[in-house]
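Next comes run_35.cif, with mmCIF, C-alpha atoms.
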data_my_file
#
loop_
_atom_site.label_atom_id
_atom_site.label_comp_id
_atom_site.auth_asym_id
_atom_site.auth_seq_id
_atom_site.Cartn_x
_atom_site.Cartn_y
_atom_site.Cartn_z
CA MET A 272 0.00 0.00 0.00
CA THR A 273 1.31 3.44 -0.89
CA LEU A 274 0.87 6.40 1.44
CA PHE A 275 0.15 9.59 -0.42
CA LYS A 276 -1.33 13.04 -0.02
CA ILE A 277 -3.48 15.07 -2.43
CA LEU A 278 -4.90 18.56 -2.50
CA VAL A 279 -8.42 18.53 -3.94
CA LEU A 280 -10.26 21.58 -5.27
CA GLY A 281 -13.77 20.70 -4.15
CA PHE A 282 -17.14 22.43 -4.04
CA ALA A 283 -16.03 24.54 -1.15
CA GLY A 284 -12.41 25.12 -2.17
CA PRO A 285 -9.13 23.27 -1.55
CA ALA A 286 -9.20 20.28 0.77
CA LEU A 287 -6.43 18.03 1.97
CA PHE A 288 -6.93 14.29 1.85
CA TYR A 289 -4.50 11.69 3.09
CA PHE A 290 -4.90 8.05 2.10
CA SER A 291 -3.02 4.83 2.65
CA THR A 292 -4.14 3.01 -0.48
CA PRO A 293 -3.17 2.56 -4.14
CA VAL A 294 -3.67 5.70 -6.20
CA GLN A 295 -5.85 3.94 -8.79
CA ALA A 296 -8.51 3.26 -6.12
CA ILE A 297 -9.52 6.92 -5.92
CA ASP A 298 -12.32 8.22 -8.11
CA LEU A 299 -12.25 12.02 -8.14
CA ASN A 300 -15.46 13.65 -9.31
CA PRO A 301 -14.69 16.21 -12.07
CA LEU A 302 -17.89 18.11 -11.23
CA SER A 303 -16.30 19.12 -7.94
CA LEU A 304 -14.39 21.90 -9.70
CA ILE A 305 -17.47 23.78 -10.90
CA LYS A 306 -18.58 25.67 -7.80
CA GLY A 307 -15.08 26.66 -6.75
CA ALA A 308 -14.40 28.14 -10.18
CA VAL A 309 -17.37 30.51 -10.14
CA GLU A 310 -17.64 31.13 -6.40
CA ALA A 311 -15.51 34.26 -6.12
CA VAL A 312 -17.24 35.91 -9.08
CA ALA A 313 -20.79 35.33 -7.87
CA GLU A 314 -20.51 35.90 -4.13
CA ASP A 315 -22.24 38.84 -2.51
CA ARG A 316 -19.16 40.37 -0.86
CA SER A 317 -16.08 42.38 -1.71
CA SER A 318 -13.08 41.08 -3.62
CA GLY A 319 -10.87 42.19 -0.73
CA ASP A 320 -12.83 40.07 1.73
CA ILE A 321 -12.61 37.06 -0.59
CA ALA A 322 -8.85 37.60 -1.00
CA THR A 323 -8.38 37.71 2.78
CA ASP A 324 -10.24 34.42 3.13
CA LEU A 325 -8.13 32.85 0.40
CA GLY A 326 -4.95 33.93 2.17
CA ILE A 327 -6.18 32.39 5.42
CA LYS A 328 -7.08 29.13 3.70
CA THR A 329 -3.72 28.96 1.95
CA GLU A 330 -1.82 29.45 5.20
CA ILE A 331 -3.92 26.87 7.06
CA THR A 332 -3.33 24.37 4.27
CA ALA A 333 0.43 24.92 4.40
CA LYS A 334 0.52 24.50 8.17
CA VAL A 335 -1.54 21.32 8.06
CA ILE A 336 0.84 19.80 5.51
CA GLU A 337 3.89 20.83 7.48
CA LYS A 338 2.80 20.15 11.05
CA MET A 339 0.09 17.48 11.10
CA GLY A 340 1.99 14.83 9.18
CA THR A 341 0.67 11.78 7.33
CA ASP A 342 -1.22 10.16 10.23
CA VAL A 343 -4.22 12.39 9.52
CA ILE A 344 -7.02 10.67 7.59
CA SER A 345 -8.52 13.84 6.08
CA LEU A 346 -8.72 17.54 6.83
CA SER A 347 -10.52 20.47 5.22
CA ALA A 348 -10.58 24.16 6.07
CA ASP A 349 -13.35 26.41 4.78
CA VAL A 350 -13.19 30.15 5.35
CA TYR A 351 -15.99 32.70 5.13
CA GLU A 352 -15.57 36.30 6.27
CA GLN A 353 -12.50 35.18 8.24
CA ASP A 354 -14.43 32.54 10.19
CA VAL A 355 -12.98 29.04 9.73
CA MET A 356 -14.75 25.68 9.67
CA LEU A 357 -12.46 22.69 10.16
CA THR A 358 -13.81 19.32 9.04
CA GLY A 359 -12.41 15.91 8.24
CA ALA A 360 -11.39 12.84 10.22
CA VAL A 361 -8.49 12.18 12.57
CA LYS A 362 -7.52 9.30 14.84
CA THR A 363 -7.14 11.11 18.17
CA LYS A 364 -8.49 14.02 20.19
CA GLU A 365 -4.96 15.42 20.30
CA GLN A 366 -4.87 15.68 16.50
CA LYS A 367 -8.21 17.50 16.55
CA ARG A 368 -6.89 19.94 19.16
CA GLN A 369 -3.63 20.38 17.23
CA ALA A 370 -5.48 21.33 14.03
CA GLU A 371 -7.40 24.02 15.89
CA LYS A 372 -4.30 25.26 17.69
CA LEU A 373 -2.43 25.67 14.41
CA THR A 374 -5.39 27.46 12.88
CA ARG A 375 -5.43 29.97 15.74
CA THR A 376 -1.90 31.06 14.82
CA VAL A 377 -3.06 32.20 11.36
CA GLU A 378 -3.42 35.95 10.97
CA ASN A 379 -6.91 37.45 10.54
CA VAL A 380 -8.83 34.39 11.76
CA LYS A 381 -11.86 35.57 13.75
CA LYS A 382 -13.65 32.40 14.83
CA ILE A 383 -13.02 28.66 14.50
CA TYR A 384 -15.65 25.95 14.24
CA ASN A 385 -13.83 22.70 14.91
CA GLU A 386 -16.06 19.98 13.44
CA ILE A 387 -13.28 17.44 12.84
CA ARG A 388 -14.51 13.94 13.59
CA ILE A 389 -12.48 11.38 15.55
CA VAL A 390 -12.62 8.04 13.76
CA LYS A 391 -12.57 4.91 15.90
CA PRO A 392 -10.24 2.08 14.83
CA ILE A 393 -13.18 -0.13 13.84
CA ASP A 394 -14.50 2.60 11.53
CA LYS A 395 -11.06 3.17 10.05
CA ASP A 396 -10.93 -0.47 8.94
CA LYS A 397 -13.79 0.20 6.52
CA GLY A 398 -11.34 2.14 4.37
CA ALA A 399 -10.76 5.84 3.79
CA VAL A 400 -11.42 5.53 0.07
CA GLU A 401 -14.87 4.04 0.60
CA ASN A 402 -15.84 6.90 2.90
CA TYR A 403 -14.37 9.49 0.54
CA VAL A 404 -16.37 8.23 -2.45
CA ASP A 405 -19.59 8.26 -0.42
CA ASP A 406 -18.93 11.82 0.69
CA THR A 407 -18.14 12.91 -2.84
CA VAL A 408 -21.53 11.62 -4.01
CA ILE A 409 -23.29 13.43 -1.18
CA GLU A 410 -21.48 16.69 -1.93
CA SER A 411 -22.28 16.33 -5.65
CA LYS A 412 -25.97 15.90 -4.88
CA ALA A 413 -25.92 18.80 -2.43
CA ASN A 414 -24.37 20.99 -5.10
CA ALA A 415 -27.00 20.07 -7.69
CA LEU A 416 -29.99 20.33 -5.36
CA LEU A 417 -28.97 23.62 -3.77
CA LEU A 418 -28.27 25.13 -7.20
CA ASP A 419 -31.73 24.08 -8.40
CA ALA A 420 -33.55 25.22 -5.28
CA GLY A 421 -35.28 28.57 -5.45
CA GLY A 422 -34.61 30.85 -2.53
CA VAL A 423 -31.12 29.56 -1.75
CA ASN A 424 -28.19 31.87 -2.53
CA VAL A 425 -25.88 28.92 -3.02
CA THR A 426 -22.67 30.87 -3.71
CA ASN A 427 -22.62 32.07 -0.10
CA PHE A 428 -22.73 28.51 1.24
CA ARG A 429 -20.02 25.92 1.82
CA TRP A 430 -20.66 22.25 2.54
CA ARG A 431 -18.59 19.28 3.60
CA SER A 432 -19.59 15.67 4.12
CA VAL A 433 -17.53 13.50 6.47
CA GLY A 434 -18.72 9.91 6.57
CA GLY A 435 -22.26 11.06 5.80
CA HIS A 436 -22.28 13.84 8.39
CA VAL A 437 -22.76 17.11 6.52
CA TYR A 438 -21.66 20.55 7.68
CA LEU A 439 -23.05 23.72 6.09
CA PHE A 440 -21.15 26.97 6.48
CA GLY A 441 -21.15 30.51 5.14
CA ARG A 442 -24.03 32.93 5.05
CA ALA A 443 -27.80 32.78 4.60
CA LEU A 444 -29.76 35.90 3.74
CA SER A 445 -32.60 34.82 6.05
CA GLN A 446 -33.49 32.19 8.62
CA ALA A 447 -35.91 30.69 6.11
CA GLU A 448 -33.09 30.28 3.58
CA LYS A 449 -30.89 28.62 6.19
CA GLU A 450 -33.65 26.19 7.16
CA LYS A 451 -34.42 25.40 3.52
CA ALA A 452 -30.78 24.55 2.80
CA THR A 453 -30.71 22.25 5.83
CA LYS A 454 -33.90 20.49 4.76
CA ILE A 455 -32.61 19.94 1.22
CA VAL A 456 -29.38 18.34 2.40
CA LYS A 457 -31.15 16.19 5.00
CA GLY A 458 -33.15 14.60 2.18
CA ILE A 459 -30.07 13.27 0.38
CA LYS A 460 -29.55 9.52 0.53
CA ASN A 461 -26.92 8.34 3.06
CA VAL A 462 -26.82 11.68 4.90
CA LEU A 463 -26.70 10.78 8.60
CA SER A 464 -26.84 14.29 10.06
CA VAL A 465 -26.72 17.94 9.05
CA LYS A 466 -25.20 20.76 11.08
CA ASN A 467 -25.81 24.23 9.64
CA LEU A 468 -23.26 26.76 10.91
CA ALA A 469 -24.13 29.46 8.38
CA LYS A 470 -24.62 32.94 9.82
CA VAL A 471 -27.86 34.73 8.96
CA ARG A 472 -27.50 38.25 7.56
CA ALA A 473 -29.55 40.04 4.94
CA LYS A 474 -27.95 42.05 2.14
#

Can the structure from this file be put into structure tokens for me?
Amino acid sequence: MTLFKILVLGFAGPALFYFSTPVQAIDLNPLSLIKGAVEAVAEDRSSGDIATDLGIKTEITAKVIEKMGTDVISLSADVYEQDVMLTGAVKTKEQKRQAEKLTRTVENVKKIYNEIRIVKPIDKDKGAVENYVDDTVIESKANALLLDAGGVNVTNFRWRSVGGHVYLFGRALSQAEKEKATKIVKGIKNVLSVKNLAKVRAK
């Protein structure tokens, strides 16, 4: 088995995935590039704010690669208006704490939502690739359904699925919009839970 590390440009931006498995076993969804490519153009906020978030994400990514090592199963950092949502899977509570500690050293970070999941050894034996493919399907469906839904300003949202547990992040223009997004994602097959961390603020 070959240990390797990849940086994936997903629906919500770059994500780090670490796998201990042959490279040919991974099926990367090409549709995952679409939202990230248009996100900065369509979002309802300034280019300066978007640039600041990108700088934060880039620095977090670099620190994760440098400090966390290859024992991490998966880690993602999403940034919106300098708030950070950490998701992914690690083996120990200490790794979860370390990821947050490193994030706190990044300049301009306002708030951190640490939603990293700790994977038990029995769950790990199911295989990281299997879980990754399932999550990719869920994120693909979330992307399609939220884009099609009226009343959801999808470009202000981020979403991550970790073993079927979905985390929504970003900004809703109303409480009704936030609740609608949650309901849509809850209806996707194999979604085990939905946690919506999006802030509510009108234009």

Taking all atoms listed in the file into account, which of A:Ser432, A:Asn461, A:Thr341, A:Ser318 comes nearest Glu410 of chain A?
->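 That would be A:Ser432, the residue with the smallest distance to Glu410 of chain A.
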
Considering all atoms listed in the file, return as a list in words whatever protein or nucleic-acid residues lie within 10 Å of Lys457 of chain A, sequence-local ones (same chain, fewer than 6 positions apart) excluded.
-> Ala413, His436, Val437, Lys451, Leu463, Ser464, Val465 and Lys466 of chain A

Deliver the residues from the most recent selection as a file, using C-alpha atoms, as a CSV table (one decimal), in the coordinates of the input.
chain,number,residue,atom,x,y,z
A,413,ALA,CA,-25.9,18.8,-2.4
A,436,HIS,CA,-22.3,13.8,8.4
A,437,VAL,CA,-22.8,17.1,6.5
A,451,LYS,CA,-34.4,25.4,3.5
A,463,LEU,CA,-26.7,10.8,8.6
A,464,SER,CA,-26.8,14.3,10.1
A,465,VAL,CA,-26.7,17.9,9.0
A,466,LYS,CA,-25.2,20.8,11.1

Top pick for closest residue to Glu378 of chain A, considering A:Leu418, A:Val425, A:Ile409, A:Val355 and counting only C-alpha atoms =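 Closest candidate: A:Val355.
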
Leaving out Glu386 of chain A and any residue of its chain fewer than 5 positions from it, which residues lie within 12 Å of it when counting all atoms listed in the file, given as a list in words?
-> Leu346, Ser347, Ala348, Asp349, Val355, Met356, Leu357, Thr358, Gly359, Ala360, Val361, Lys364, Lys367, Arg368, Ala370, Glu371, Arg431, Ser432, Val433, His436, Val437, Tyr438, Leu439, Phe440, Val465, Lys466, Asn467 and Leu468 of chain A

For Gln353 of chain A, work out the shell of residues within 9 Å, counting all atoms listed in the file and skipping chain neighbours fewer than 6 positions away, then give it as a ChimeraX atom specification.
-> /A:320,323-324,327,379-382

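Interatomic distance, atom CA of Ala447 of chain A to atom CA of Asn427 of chain A: 14.7 Å.
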
Between A:Val423, A:Ile389, A:Val471, A:Ala415, which has the minimum distance to Ser345 of chain A (counting only C-alpha atoms)?
->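 Using only C-alpha atoms, Ser345 of chain A sits closest to A:Ile389.
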
Counting all atoms listed in the file, what is within 7 Å of Lys470 of chain A, bar same-chain residues fewer than 3 positions away, as a PyMOL selection string?
-> chain A and resi 441-443

A straight line from atom CA of Lys334 of chain A to atom CA of Leu373 of chain A spans 7.0 Å

Could you work out how far atom CA of Leu444 of chain A lies from atom CA of Ala322 of chain A, giving the answer in Å with one decimal?
->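 Taking atom CA of Ala322 of chain A and atom CA of Leu444 of chain A, their separation equals 21.5 Å.
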